[in-house]
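Below: one structure, written as structure tokens.
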Amino acid sequence: MGTATFDYGGHVVLITGGTRGVGRGIASRFEQAGAQVVVCARTTGDEPLPATWTFLAADIRNGDQASAMVDEVVAAHGRIDVVINNAGGSPPVDTTTASHRLSERIVALNLLAPIFVSQRANHHMQRQPGGGAIVNIGSIAGQRPAPTVAAYGAAKAGLANFTMTAAQEWAPKVRVNTVTAGLIRTEQALMHYGDVASVARIEQTIPVGRLATPDDIADACLFLASLAAGYITGANLVMHGGGDRPAFLDALGG
């Protein structure tokens, strides 16, 4: 089966956290589809960015910086057609002992930052022909218990709700959807999931037999931001490879 193709020629696409990992994979796929790619993060990261990308430095947990960054995209390129709110994450930490400051920062990055970026992007999209599309990158941790990442899971659950609400308020000019990701193979996968053997054992528990790749998530974003998804807004596309195996089946030995 081949890969679906999309034409984003003439479109300006902003990917937050687009300098590495899943965000970089999403940015690369949009550029391959013809888009003018803009990525933002606090720093450019260790790997040089393609010369064709625009990089903007911003701490989008700060609402003023997030808004100014979106304004800079429009000032530089004349419009903003697609926003992928990808920036996020959390280190594992015991829920009992997590510091107040850490929890605040995790919620700010995974919930408040995409809200701030989306608000300002909507401001511009409502005023331009064709409107725009926003895709929020969620996590399966927001749909089930999330031991050691409680604040992260709670923030991602809130992000899914924000998606539904914004989709109703900002229609018909702006569509807002969520891609809820399961376990993803990135350069940081071993840090989260253990050694190679541990990852292989995890993959055996996933019905499709593997972790997701950044391209898997990118292709979902390409679809949801496209005219092919023109009647889809407020939706949550769950990408977990079939989901977790129910624990009671193992307890029953079947």
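The chains in the structure tokens are called A, B, ... from first to last as shown; in each chain the residues are counted from 1, and the ligands are counted from 1 in the order shown.
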List every residue of range 3-217 of chain A that DSSP, applied to the backbone of this structure, assigns to strand (DSSP E), and report them as a PyMOL selection string. chain A and resi 12-16+36-41+54-57+82-85+132-139+174-181
Next, dump the selected residues to file, keeping only C-alpha atoms, as a compact mmCIF listing (two decimals), in the first residue's frame.
# COMPACT_ATOMS: atom_id res chain seq x y z
CA VAL A 12 2.47 28.38 5.67
CA VAL A 13 2.67 25.73 8.38
CA LEU A 14 3.84 26.35 11.96
CA ILE A 15 5.04 23.39 14.03
CA THR A 16 5.79 24.04 17.70
CA GLN A 36 6.65 26.79 3.82
CA VAL A 37 7.69 25.38 7.18
CA VAL A 38 8.11 27.45 10.33
CA VAL A 39 9.30 25.77 13.53
CA CYS A 40 9.52 27.26 16.98
CA ALA A 41 11.27 26.15 20.16
CA THR A 54 12.11 29.45 9.30
CA PHE A 55 13.10 29.10 12.97
CA LEU A 56 11.60 31.31 15.67
CA ALA A 57 12.84 31.21 19.25
CA VAL A 82 -1.81 25.40 9.57
CA VAL A 83 -0.64 25.12 13.17
CA ILE A 84 0.60 21.84 14.63
CA ASN A 85 0.76 22.18 18.41
CA GLY A 132 -7.02 27.61 8.64
CA ALA A 133 -6.52 24.37 10.49
CA ILE A 134 -5.09 23.61 13.91
CA VAL A 135 -3.96 20.13 14.96
CA ASN A 136 -3.11 19.49 18.61
CA ILE A 137 -0.83 16.56 19.43
CA GLY A 138 -2.31 14.72 22.38
CA SER A 139 -1.29 11.55 24.20
CA VAL A 174 -11.00 27.38 11.48
CA ARG A 175 -10.98 23.63 12.07
CA VAL A 176 -9.40 22.23 15.26
CA ASN A 177 -8.59 18.55 15.80
CA THR A 178 -6.47 16.32 18.02
CA VAL A 179 -4.11 13.50 17.15
CA THR A 180 -3.80 11.33 20.27
CA ALA A 181 -0.52 9.45 20.03
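The neighbours of Ala155 in chain A here are the residues that come within 8 Å of it, using only C-alpha atoms and leaving out any residue fewer than 3 positions away in the same chain; they are Ile106, Val107, Asn110, Leu111, Gly142, Ala151, Tyr152, Gly158 and Leu159 of chain A.
Between Leu183 in chain A and the residues A:Gly253, A:Gly209, A:Gly17, A:Pro48, the shortest atom-to-atom distance, using only C-alpha atoms, involves A:Gly209.
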Could you list, as a PDB file with C-alpha atoms, in the first residue's frame, every residue within 8 Å of Arg245 in chain A, counting only C-alpha atoms and ignoring same-chain residues fewer than 3 positions away?
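Writing done, so here's part-v4.pdb:
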ATOM      1  CA  THR A 205       2.016  -5.913  23.490  1.00  0.00           C
ATOM      2  CA  ILE A 206       0.859  -3.602  20.683  1.00  0.00           C
ATOM      3  CA  LEU A 249      -6.885 -11.362  29.860  1.00  0.00           C
TER       4      LEU A 249
END
Nearest residue to Tyr231 in chain A out of A:Arg127, A:Arg20, A:Lys173, A:Arg61, using only C-alpha atoms? A:Lys173
Please provide as a ChimeraX atom specification all residues within 9 Å of Ser226 in chain A, with the sequence filter that same-chain residues fewer than 6 positions apart are discarded (counting only C-alpha atoms). /A:6-8,133
Residues from the last selection, N, CA and C atoms, saved as a tab-separated table (two decimals), in the first residue's frame:
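In the end it all went to selection08.tsv:
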chain	number	residue	atom	x	y	z
A	6	PHE	N	-0.21	14.74	-0.42
A	6	PHE	CA	-0.95	15.98	-0.22
A	6	PHE	C	-0.14	17.12	-0.82
A	7	ASP	N	-0.84	18.15	-1.28
A	7	ASP	CA	-0.18	19.32	-1.87
A	7	ASP	C	-0.40	20.52	-0.97
A	8	TYR	N	0.68	20.95	-0.30
A	8	TYR	CA	0.62	22.12	0.57
A	8	TYR	C	1.39	23.29	-0.02
A	133	ALA	N	-6.35	25.63	9.76
A	133	ALA	CA	-6.52	24.37	10.49
A	133	ALA	C	-5.50	24.28	11.60
For Val208 in chain A, list every protein, DNA or RNA residue within 8 Å, evaluated using only C-alpha atoms, and leave out those in the same chain fewer than 2 positions away; present the list as an mmCIF file with N, CA and C atoms, in the first residue's frame.
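Resulting contents of result.cif:
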data_model
loop_
_atom_site.group_PDB
_atom_site.id
_atom_site.type_symbol
_atom_site.label_atom_id
_atom_site.label_comp_id
_atom_site.auth_asym_id
_atom_site.auth_seq_id
_atom_site.Cartn_x
_atom_site.Cartn_y
_atom_site.Cartn_z
ATOM 1 N N ILE A 206 1.637 -4.497 21.543
ATOM 2 C CA ILE A 206 0.859 -3.602 20.683
ATOM 3 C C ILE A 206 0.281 -4.422 19.537
ATOM 4 N N ARG A 210 4.363 -2.860 16.607
ATOM 5 C CA ARG A 210 5.474 -1.900 16.621
ATOM 6 C C ARG A 210 5.044 -0.606 17.279
ATOM 7 N N GLY A 241 -2.004 2.050 17.725
ATOM 8 C CA GLY A 241 -1.687 0.738 17.193
ATOM 9 C C GLY A 241 -2.619 -0.367 17.633
ATOM 10 N N GLY A 242 -3.784 0.009 18.116
ATOM 11 C CA GLY A 242 -4.756 -0.989 18.568
ATOM 12 C C GLY A 242 -5.004 -0.974 20.064
#
Please extract the residues of range 33-111 of chain A with a backbone DSSP assignment of alpha helix (DSSP H) and present them as number ranges by chain. A: 63-77, 100-107
Take the residues from that selection and write them out as a PDB file, in the first residue's frame, keeping C-alpha atoms.
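Contents of selection03.pdb, freshly written:
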ATOM      1  CA  GLY A  63       1.381  33.852  26.497  1.00  0.00           C
ATOM      2  CA  ASP A  64       2.976  37.088  25.334  1.00  0.00           C
ATOM      3  CA  GLN A  65       5.863  35.242  23.689  1.00  0.00           C
ATOM      4  CA  ALA A  66       3.486  32.754  22.073  1.00  0.00           C
ATOM      5  CA  SER A  67       1.335  35.522  20.594  1.00  0.00           C
ATOM      6  CA  ALA A  68       4.333  37.517  19.387  1.00  0.00           C
ATOM      7  CA  MET A  69       5.764  34.413  17.729  1.00  0.00           C
ATOM      8  CA  VAL A  70       2.553  33.780  15.772  1.00  0.00           C
ATOM      9  CA  ASP A  71       2.448  37.448  14.757  1.00  0.00           C
ATOM     10  CA  GLU A  72       6.032  37.104  13.511  1.00  0.00           C
ATOM     11  CA  VAL A  73       5.031  34.168  11.299  1.00  0.00           C
ATOM     12  CA  VAL A  74       2.325  36.289   9.678  1.00  0.00           C
ATOM     13  CA  ALA A  75       4.610  39.316   9.361  1.00  0.00           C
ATOM     14  CA  ALA A  76       7.284  37.232   7.623  1.00  0.00           C
ATOM     15  CA  HIS A  77       5.080  35.120   5.351  1.00  0.00           C
ATOM     16  CA  HIS A 100       4.659  22.201  42.599  1.00  0.00           C
ATOM     17  CA  ARG A 101       6.997  23.972  40.211  1.00  0.00           C
ATOM     18  CA  LEU A 102       7.494  20.908  38.015  1.00  0.00           C
ATOM     19  CA  SER A 103       3.756  20.262  37.783  1.00  0.00           C
ATOM     20  CA  GLU A 104       3.133  23.896  36.858  1.00  0.00           C
ATOM     21  CA  ARG A 105       5.723  23.758  34.077  1.00  0.00           C
ATOM     22  CA  ILE A 106       4.349  20.493  32.687  1.00  0.00           C
ATOM     23  CA  VAL A 107       0.792  21.819  32.581  1.00  0.00           C
TER      24      VAL A 107
END
Excluding Ile26 in chain A and its own-chain neighbours fewer than 2 positions away, which residues fall within 9 Å of it when counting only C-alpha atoms? Please give them as a PyMOL selection string. chain A and resi 15+18+21-24+28-31+84+86+214-215+217-219+221-222
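Considering only C-alpha atoms, the residue among A:Asp46, A:Ala160, A:Asp81, A:Asp94 positioned nearest to Pro114 in chain A is A:Ala160.
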Could you please determine the separation between CA of Gly243 in chain A and CA of Arg144 in chain A in Å, to one decimal place? 10.8 Å
